[in-house]
2 protein chains.
Amino acid sequence: MKDIKITNTIRTLRFLDKEMTQQELAEKVGVTRHTIMAIEKGKYSPTLELAFKIAEVFNKPLEEVFTYEK
Amino acid sequence: MKDIKITNTIRTLRFLDKEMTQQELAEKVGVTRHTIMAIEKGKYSPTLELAFKIAEVFNKPLEEVFTYEK
DNA sequence: ACTCAATGTTAAAAATATTTTACATTAGGT
DNA sequence: ACCTAATGTAAAATATTTTTAACATTGAGT
């Protein structure tokens, strides 16, 4: 599992959702701001559980937030 | 992230897909048999990347394989 | 130009996921 | 009942994700 092939639209979704900050999103899903930042930046892919929580915040299906590029 | 609230239908999907073994599924997604077993058993939730790979094997959307129970 | 909030970076420690190995149990076929 | 393949269990080692903390950068507003 070396090269990560998963992209996400978190940054856009935050912007569309009243410009929610990384800090706010982090608090809503129960992780640190750093974690949100690292995921947005694609440093690593999150746990499935965290991915579900993030999608839930934006009321989007998980696959609309995260995309697996074959 | 203590109590995991994610269920999955991997066992059923393996059964429906010509009774694919844990070993075969593990090989297709590039992890060990133990990892597949632990996930099926709900010991922990996988990485988003692994979740996508598993869903891909069964040609199902991720959310049809894994369900986040609120 | 200054200030402040938001974001990005780095490094180390902690927590969790995954591997490896080895053995126990279960279930089906003969 | 016996064999064998598939599944389950356990413990230790490794890899990856997440936390923590401290500091740098960017950008908007004044």
# chains A, B, ... in the order shown; residues from 1 in each chain; ligands from 1
$ select_by_dssp --residues "chain A" --states "helix (DSSP H, G or I)" --output "PyMOL selection string"
chain A and resi 10-16+22-29+33-40+48-57+62-65
$ closest_atom_pairs --of "chain D" --to "chain A" --cutoff "8 Å" --atoms "only C-alpha atoms (C1' of nucleotides)" --output "JSON lines"
{"residue": "D:DT17", "atom": "C1'", "partner": "A:Pro46", "partner_atom": "CA", "distance": 7.1}
{"residue": "D:DT18", "atom": "C1'", "partner": "A:Thr35", "partner_atom": "CA", "distance": 6.5}
{"residue": "D:DT19", "atom": "C1'", "partner": "A:Thr32", "partner_atom": "CA", "distance": 7.2}
$ residues_around --residues "DG8 of chain C" --least-positions-apart "3" --cutoff "9 Å" --atoms "only C-alpha atoms (C1' of nucleotides)" --output "PyMOL selection string"
(chain A and resi 37) or (chain D and resi 24-26)
$ interface_residues --of "chain C" --to "chain B" --cutoff "9 Å" --atoms "only C-alpha atoms (C1' of nucleotides)" --output "ChimeraX atom specification"
/C:16-19
$ write_last_selection --atoms "all heavy atoms" --output "CSV table (one decimal), in the first residue's frame"
chain,number,residue,atom,x,y,z
C,16,DT,P,-6.5,3.4,19.8
C,16,DT,OP1,-7.8,4.0,20.0
C,16,DT,OP2,-6.0,2.4,20.7
C,16,DT,O5',-6.4,2.8,18.3
C,16,DT,C5',-6.4,3.7,17.2
C,16,DT,C4',-6.0,3.0,16.0
C,16,DT,O4',-4.5,2.8,16.1
C,16,DT,C3',-6.6,1.6,15.7
C,16,DT,O3',-7.1,1.7,14.4
C,16,DT,C2',-5.4,0.7,15.8
C,16,DT,C1',-4.2,1.6,15.4
C,16,DT,N1,-2.9,1.2,15.9
C,16,DT,C2,-1.9,1.1,14.9
C,16,DT,O2,-2.1,1.3,13.8
C,16,DT,N3,-0.7,0.7,15.4
C,16,DT,C4,-0.3,0.5,16.7
C,16,DT,O4,0.8,0.2,17.1
C,16,DT,C5,-1.4,0.6,17.7
C,16,DT,C7,-1.2,0.4,19.1
C,16,DT,C6,-2.6,1.0,17.2
C,17,DA,P,-7.9,0.3,13.9
C,17,DA,OP1,-9.1,0.8,13.2
C,17,DA,OP2,-8.0,-0.7,14.9
C,17,DA,O5',-6.9,-0.1,12.7
C,17,DA,C5',-6.5,0.8,11.7
C,17,DA,C4',-5.5,0.2,10.8
C,17,DA,O4',-4.2,0.0,11.5
C,17,DA,C3',-5.9,-1.1,10.1
C,17,DA,O3',-5.4,-1.0,8.8
C,17,DA,C2',-5.1,-2.1,10.9
C,17,DA,C1',-3.9,-1.4,11.3
C,17,DA,N9,-3.2,-1.8,12.5
C,17,DA,C8,-3.8,-1.9,13.8
C,17,DA,N7,-3.0,-2.2,14.7
C,17,DA,C5,-1.8,-2.4,14.1
C,17,DA,C6,-0.5,-2.7,14.5
C,17,DA,N6,-0.2,-3.0,15.8
C,17,DA,N1,0.5,-2.7,13.6
C,17,DA,C2,0.2,-2.4,12.3
C,17,DA,N3,-0.9,-2.1,11.8
C,17,DA,C4,-1.9,-2.1,12.7
C,18,DT,P,-5.7,-2.2,7.7
C,18,DT,OP1,-5.7,-1.6,6.4
C,18,DT,OP2,-6.9,-3.0,8.2
C,18,DT,O5',-4.4,-3.1,7.8
C,18,DT,C5',-3.2,-2.6,7.2
C,18,DT,C4',-2.1,-3.6,7.4
C,18,DT,O4',-1.8,-3.7,8.8
C,18,DT,C3',-2.4,-5.0,6.9
C,18,DT,O3',-1.5,-5.3,5.9
C,18,DT,C2',-2.1,-5.9,8.2
C,18,DT,C1',-1.3,-5.0,9.1
C,18,DT,N1,-1.3,-5.3,10.5
C,18,DT,C2,-0.2,-5.5,11.2
C,18,DT,O2,0.9,-5.6,10.7
C,18,DT,N3,-0.3,-5.8,12.5
C,18,DT,C4,-1.5,-5.8,13.3
C,18,DT,O4,-1.5,-6.0,14.5
C,18,DT,C5,-2.7,-5.5,12.5
C,18,DT,C7,-4.1,-5.4,13.2
C,18,DT,C6,-2.6,-5.2,11.2
C,19,DT,P,-1.3,-6.8,5.3
C,19,DT,OP1,-0.8,-6.7,3.9
C,19,DT,OP2,-2.5,-7.6,5.6
C,19,DT,O5',-0.1,-7.3,6.2
C,19,DT,C5',1.1,-6.6,6.2
C,19,DT,C4',2.2,-7.4,6.9
C,19,DT,O4',1.9,-7.5,8.3
C,19,DT,C3',2.4,-8.9,6.5
C,19,DT,O3',3.8,-9.1,6.2
C,19,DT,C2',1.9,-9.7,7.6
C,19,DT,C1',2.1,-8.8,8.8
C,19,DT,N1,1.2,-8.9,10.0
C,19,DT,C2,1.7,-9.1,11.2
C,19,DT,O2,2.8,-9.1,11.5
C,19,DT,N3,0.7,-9.1,12.2
C,19,DT,C4,-0.7,-9.1,12.1
C,19,DT,O4,-1.4,-9.2,13.0
C,19,DT,C5,-1.1,-8.9,10.7
C,19,DT,C7,-2.6,-8.8,10.4
C,19,DT,C6,-0.2,-8.8,9.7
$ interface_residues --of "chain B" --to "chain A" --cutoff "10 Å" --atoms "only C-alpha atoms" --output "PyMOL selection string"
chain B and resi 1+4-6+29-31+44-53+56+61-63+66-70
$ atom_distance --atom1 "atom C1' of DA28 of chain D" --atom2 "atom CA of Thr21 of chain A"
14.7 Å
$ select_by_dssp --residues "chain A" --states "strand (DSSP E)" --output "PyMOL selection string"
chain A and resi 6-8+66-68
$ write_last_selection --atoms "all heavy atoms" --output "PDB file, in the first residue's frame"
ATOM      1  N   ILE A   6      -6.032   7.834  -3.726  1.00  0.00           N
ATOM      2  CA  ILE A   6      -7.329   8.340  -3.315  1.00  0.00           C
ATOM      3  C   ILE A   6      -7.311   9.854  -3.232  1.00  0.00           C
ATOM      4  O   ILE A   6      -6.455  10.427  -2.582  1.00  0.00           O
ATOM      5  CB  ILE A   6      -7.731   7.733  -1.958  1.00  0.00           C
ATOM      6  CG1 ILE A   6      -7.930   6.223  -2.102  1.00  0.00           C
ATOM      7  CG2 ILE A   6      -9.001   8.397  -1.436  1.00  0.00           C
ATOM      8  CD1 ILE A   6      -8.275   5.534  -0.816  1.00  0.00           C
ATOM      9  N   THR A   7      -8.256  10.460  -3.929  1.00  0.00           N
ATOM     10  CA  THR A   7      -8.368  11.917  -3.862  1.00  0.00           C
ATOM     11  C   THR A   7      -9.622  12.267  -3.078  1.00  0.00           C
ATOM     12  O   THR A   7     -10.477  11.412  -2.865  1.00  0.00           O
ATOM     13  CB  THR A   7      -8.484  12.520  -5.280  1.00  0.00           C
ATOM     14  OG1 THR A   7      -9.639  11.966  -5.909  1.00  0.00           O
ATOM     15  CG2 THR A   7      -7.260  12.189  -6.108  1.00  0.00           C
ATOM     16  N   ASN A   8      -9.707  13.520  -2.651  1.00  0.00           N
ATOM     17  CA  ASN A   8     -10.902  13.924  -1.911  1.00  0.00           C
ATOM     18  C   ASN A   8     -11.245  15.372  -2.186  1.00  0.00           C
ATOM     19  O   ASN A   8     -10.425  16.153  -2.664  1.00  0.00           O
ATOM     20  CB  ASN A   8     -10.706  13.681  -0.416  1.00  0.00           C
ATOM     21  CG  ASN A   8      -9.722  14.642   0.187  1.00  0.00           C
ATOM     22  OD1 ASN A   8     -10.035  15.798   0.463  1.00  0.00           O
ATOM     23  ND2 ASN A   8      -8.495  14.165   0.394  1.00  0.00           N
ATOM     24  N   PHE A  66     -14.633  10.982  -1.241  1.00  0.00           N
ATOM     25  CA  PHE A  66     -13.375  10.315  -1.561  1.00  0.00           C
ATOM     26  C   PHE A  66     -13.513   9.516  -2.856  1.00  0.00           C
ATOM     27  O   PHE A  66     -14.501   8.817  -3.056  1.00  0.00           O
ATOM     28  CB  PHE A  66     -12.977   9.354  -0.438  1.00  0.00           C
ATOM     29  CG  PHE A  66     -12.751  10.044   0.877  1.00  0.00           C
ATOM     30  CD1 PHE A  66     -13.785  10.169   1.798  1.00  0.00           C
ATOM     31  CD2 PHE A  66     -11.506  10.579   1.191  1.00  0.00           C
ATOM     32  CE1 PHE A  66     -13.577  10.805   3.017  1.00  0.00           C
ATOM     33  CE2 PHE A  66     -11.295  11.212   2.399  1.00  0.00           C
ATOM     34  CZ  PHE A  66     -12.330  11.330   3.320  1.00  0.00           C
ATOM     35  N   THR A  67     -12.513   9.637  -3.710  1.00  0.00           N
ATOM     36  CA  THR A  67     -12.541   8.928  -4.989  1.00  0.00           C
ATOM     37  C   THR A  67     -11.307   8.048  -5.120  1.00  0.00           C
ATOM     38  O   THR A  67     -10.184   8.504  -4.918  1.00  0.00           O
ATOM     39  CB  THR A  67     -12.573   9.927  -6.163  1.00  0.00           C
ATOM     40  OG1 THR A  67     -13.654  10.828  -5.968  1.00  0.00           O
ATOM     41  CG2 THR A  67     -12.741   9.194  -7.488  1.00  0.00           C
ATOM     42  N   TYR A  68     -11.551   6.792  -5.438  1.00  0.00           N
ATOM     43  CA  TYR A  68     -10.467   5.848  -5.636  1.00  0.00           C
ATOM     44  C   TYR A  68     -10.092   5.829  -7.100  1.00  0.00           C
ATOM     45  O   TYR A  68     -10.871   5.391  -7.947  1.00  0.00           O
ATOM     46  CB  TYR A  68     -10.908   4.459  -5.170  1.00  0.00           C
ATOM     47  CG  TYR A  68      -9.858   3.397  -5.291  1.00  0.00           C
ATOM     48  CD1 TYR A  68      -8.646   3.519  -4.615  1.00  0.00           C
ATOM     49  CD2 TYR A  68     -10.069   2.264  -6.057  1.00  0.00           C
ATOM     50  CE1 TYR A  68      -7.682   2.536  -4.701  1.00  0.00           C
ATOM     51  CE2 TYR A  68      -9.103   1.272  -6.149  1.00  0.00           C
ATOM     52  CZ  TYR A  68      -7.916   1.412  -5.474  1.00  0.00           C
ATOM     53  OH  TYR A  68      -6.953   0.441  -5.558  1.00  0.00           O
TER      54      TYR A  68
END
$ atom_distance --atom1 "atom C1' of DA5 of chain C" --atom2 "atom CA of Arg14 of chain A"
16.1 Å
$ atom_distance --atom1 "atom CA of Asn59 of chain B" --atom2 "atom CA of Phe15 of chain B"
14.3 Å
$ residues_around --residues "DA11 of chain C" --least-positions-apart "6" --cutoff "12 Å" --atoms "only C-alpha atoms (C1' of nucleotides)" --output "compact mmCIF listing (two decimals) with N, CA and C atoms (P, O5', C5', C4', C3', O3' and C1' of nucleotides), in the first residue's frame"
# COMPACT_ATOMS: atom_id res chain seq x y z
P DT D 20 -4.05 14.64 21.62
O5' DT D 20 -2.65 15.40 21.80
C5' DT D 20 -1.49 14.66 22.16
C4' DT D 20 -0.25 15.49 21.97
C3' DT D 20 -0.41 16.99 22.25
O3' DT D 20 0.38 17.32 23.35
C1' DT D 20 0.86 16.58 20.28
P DA D 21 0.25 18.79 24.04
O5' DA D 21 1.49 19.54 23.39
C5' DA D 21 2.72 18.86 23.22
C4' DA D 21 3.66 19.72 22.40
C3' DA D 21 3.41 21.22 22.56
O3' DA D 21 4.63 21.89 22.76
C1' DA D 21 3.46 20.64 20.29
P DA D 22 4.66 23.47 23.10
O5' DA D 22 6.09 23.89 22.51
C5' DA D 22 6.81 23.01 21.66
C4' DA D 22 7.09 23.68 20.33
C3' DA D 22 6.92 25.20 20.33
O3' DA D 22 8.15 25.81 19.96
C1' DA D 22 5.91 24.23 18.43
P DC D 23 8.29 27.45 19.80
O5' DC D 23 8.30 27.67 18.22
C5' DC D 23 9.22 26.92 17.43
C4' DC D 23 8.85 27.04 15.96
C3' DC D 23 8.73 28.49 15.46
O3' DC D 23 9.49 28.62 14.27
C1' DC D 23 6.86 27.24 14.82
$ residues_around --residues "DG8 of chain D" --least-positions-apart "4" --cutoff "12 Å" --atoms "only C-alpha atoms (C1' of nucleotides)" --output "JSON, numbers by chain"
{"B": [22, 33, 34, 36, 37, 38, 40, 41], "C": [23, 24, 25, 26]}
$ write_last_selection --atoms "N, CA, C and O atoms (P, O5', C5', C4', C3', O3' and C1' of nucleotides)" --output "mmCIF file, in the first residue's frame"
data_model
loop_
_atom_site.group_PDB
_atom_site.id
_atom_site.type_symbol
_atom_site.label_atom_id
_atom_site.label_comp_id
_atom_site.auth_asym_id
_atom_site.auth_seq_id
_atom_site.Cartn_x
_atom_site.Cartn_y
_atom_site.Cartn_z
ATOM 1 N N GLN B 22 -11.092 -16.506 1.845
ATOM 2 C CA GLN B 22 -10.429 -15.335 2.432
ATOM 3 C C GLN B 22 -9.058 -15.158 1.797
ATOM 4 O O GLN B 22 -8.618 -14.046 1.524
ATOM 5 N N ARG B 33 -4.303 -13.016 4.617
ATOM 6 C CA ARG B 33 -5.581 -13.626 4.958
ATOM 7 C C ARG B 33 -6.057 -13.152 6.329
ATOM 8 O O ARG B 33 -7.248 -12.915 6.543
ATOM 9 N N HIS B 34 -5.097 -13.003 7.231
ATOM 10 C CA HIS B 34 -5.436 -12.572 8.576
ATOM 11 C C HIS B 34 -6.169 -11.222 8.567
ATOM 12 O O HIS B 34 -7.141 -11.024 9.297
ATOM 13 N N ILE B 36 -8.021 -9.900 6.210
ATOM 14 C CA ILE B 36 -9.394 -10.086 5.732
ATOM 15 C C ILE B 36 -10.267 -10.658 6.850
ATOM 16 O O ILE B 36 -11.371 -10.176 7.111
ATOM 17 N N MET B 37 -9.729 -11.660 7.529
ATOM 18 C CA MET B 37 -10.489 -12.286 8.601
ATOM 19 C C MET B 37 -10.824 -11.289 9.713
ATOM 20 O O MET B 37 -11.963 -11.209 10.172
ATOM 21 N N ALA B 38 -9.827 -10.523 10.106
ATOM 22 C CA ALA B 38 -10.035 -9.553 11.180
ATOM 23 C C ALA B 38 -11.088 -8.522 10.794
ATOM 24 O O ALA B 38 -11.903 -8.113 11.618
ATOM 25 N N GLU B 40 -13.533 -8.965 8.494
ATOM 26 C CA GLU B 40 -14.822 -9.666 8.457
ATOM 27 C C GLU B 40 -15.401 -9.808 9.857
ATOM 28 O O GLU B 40 -16.601 -9.640 10.074
ATOM 29 N N LYS B 41 -14.514 -10.108 10.790
ATOM 30 C CA LYS B 41 -14.925 -10.310 12.176
ATOM 31 C C LYS B 41 -15.170 -9.002 12.926
ATOM 32 O O LYS B 41 -15.567 -9.006 14.083
ATOM 33 P P DC C 23 3.653 -24.796 15.725
ATOM 34 O "O5'" DC C 23 2.162 -24.875 16.294
ATOM 35 C "C5'" DC C 23 1.842 -24.200 17.515
ATOM 36 C "C4'" DC C 23 0.343 -24.007 17.622
ATOM 37 C "C3'" DC C 23 -0.456 -25.315 17.484
ATOM 38 O "O3'" DC C 23 -1.352 -25.411 18.580
ATOM 39 C "C1'" DC C 23 -1.360 -23.633 16.122
ATOM 40 P P DA C 24 -2.285 -26.718 18.728
ATOM 41 O "O5'" DA C 24 -3.754 -26.106 18.599
ATOM 42 C "C5'" DA C 24 -4.134 -24.991 19.420
ATOM 43 C "C4'" DA C 24 -5.593 -24.641 19.155
ATOM 44 C "C3'" DA C 24 -6.536 -25.841 19.144
ATOM 45 O "O3'" DA C 24 -7.749 -25.474 19.779
ATOM 46 C "C1'" DA C 24 -6.582 -24.749 17.039
ATOM 47 P P DT C 25 -8.913 -26.538 19.944
ATOM 48 O "O5'" DT C 25 -9.915 -26.167 18.762
ATOM 49 C "C5'" DT C 25 -10.447 -24.847 18.698
ATOM 50 C "C4'" DT C 25 -11.270 -24.701 17.436
ATOM 51 C "C3'" DT C 25 -12.346 -25.780 17.247
ATOM 52 O "O3'" DT C 25 -13.593 -25.119 17.141
ATOM 53 C "C1'" DT C 25 -11.113 -25.447 15.258
ATOM 54 P P DT C 26 -14.957 -25.978 17.181
ATOM 55 O "O5'" DT C 26 -15.506 -25.798 15.689
ATOM 56 C "C5'" DT C 26 -15.293 -24.561 15.014
ATOM 57 C "C4'" DT C 26 -15.470 -24.774 13.528
ATOM 58 C "C3'" DT C 26 -16.600 -25.745 13.172
ATOM 59 O "O3'" DT C 26 -17.525 -25.060 12.354
ATOM 60 C "C1'" DT C 26 -14.628 -26.215 11.944
#
$ residues_around --residues "DC3 of chain D" --least-positions-apart "3" --cutoff "12 Å" --atoms "only C-alpha atoms (C1' of nucleotides)" --output "ChimeraX atom specification"
/C:27-30
$ write_last_selection --atoms "N, CA, C and O atoms (P, O5', C5', C4', C3', O3' and C1' of nucleotides)" --output "compact mmCIF listing (two decimals), in the first residue's frame"
# COMPACT_ATOMS: atom_id res chain seq x y z
P DA C 27 -18.93 -25.78 11.98
O5' DA C 27 -18.64 -26.27 10.48
C5' DA C 27 -17.91 -25.41 9.60
C4' DA C 27 -17.79 -26.09 8.25
C3' DA C 27 -18.93 -27.07 7.97
O3' DA C 27 -19.25 -27.01 6.59
C1' DA C 27 -16.87 -28.22 7.94
P DG C 28 -20.48 -27.92 5.99
O5' DG C 28 -19.78 -28.61 4.73
C5' DG C 28 -18.45 -28.20 4.41
C4' DG C 28 -17.93 -28.97 3.22
C3' DG C 28 -18.88 -29.98 2.60
O3' DG C 28 -18.57 -30.11 1.22
C1' DG C 28 -17.12 -31.11 3.74
P DG C 29 -19.26 -31.30 0.33
O5' DG C 29 -18.09 -32.39 0.21
C5' DG C 29 -16.79 -31.96 -0.22
C4' DG C 29 -15.90 -33.14 -0.46
C3' DG C 29 -16.58 -34.31 -1.18
O3' DG C 29 -15.64 -34.92 -2.06
C1' DG C 29 -15.87 -35.00 0.98
P DT C 30 -16.05 -36.09 -3.07
O5' DT C 30 -15.45 -37.38 -2.39
C5' DT C 30 -14.08 -37.38 -1.98
C4' DT C 30 -13.78 -38.61 -1.15
C3' DT C 30 -14.49 -39.87 -1.63
O3' DT C 30 -13.55 -40.88 -1.93
C1' DT C 30 -14.68 -39.62 0.72
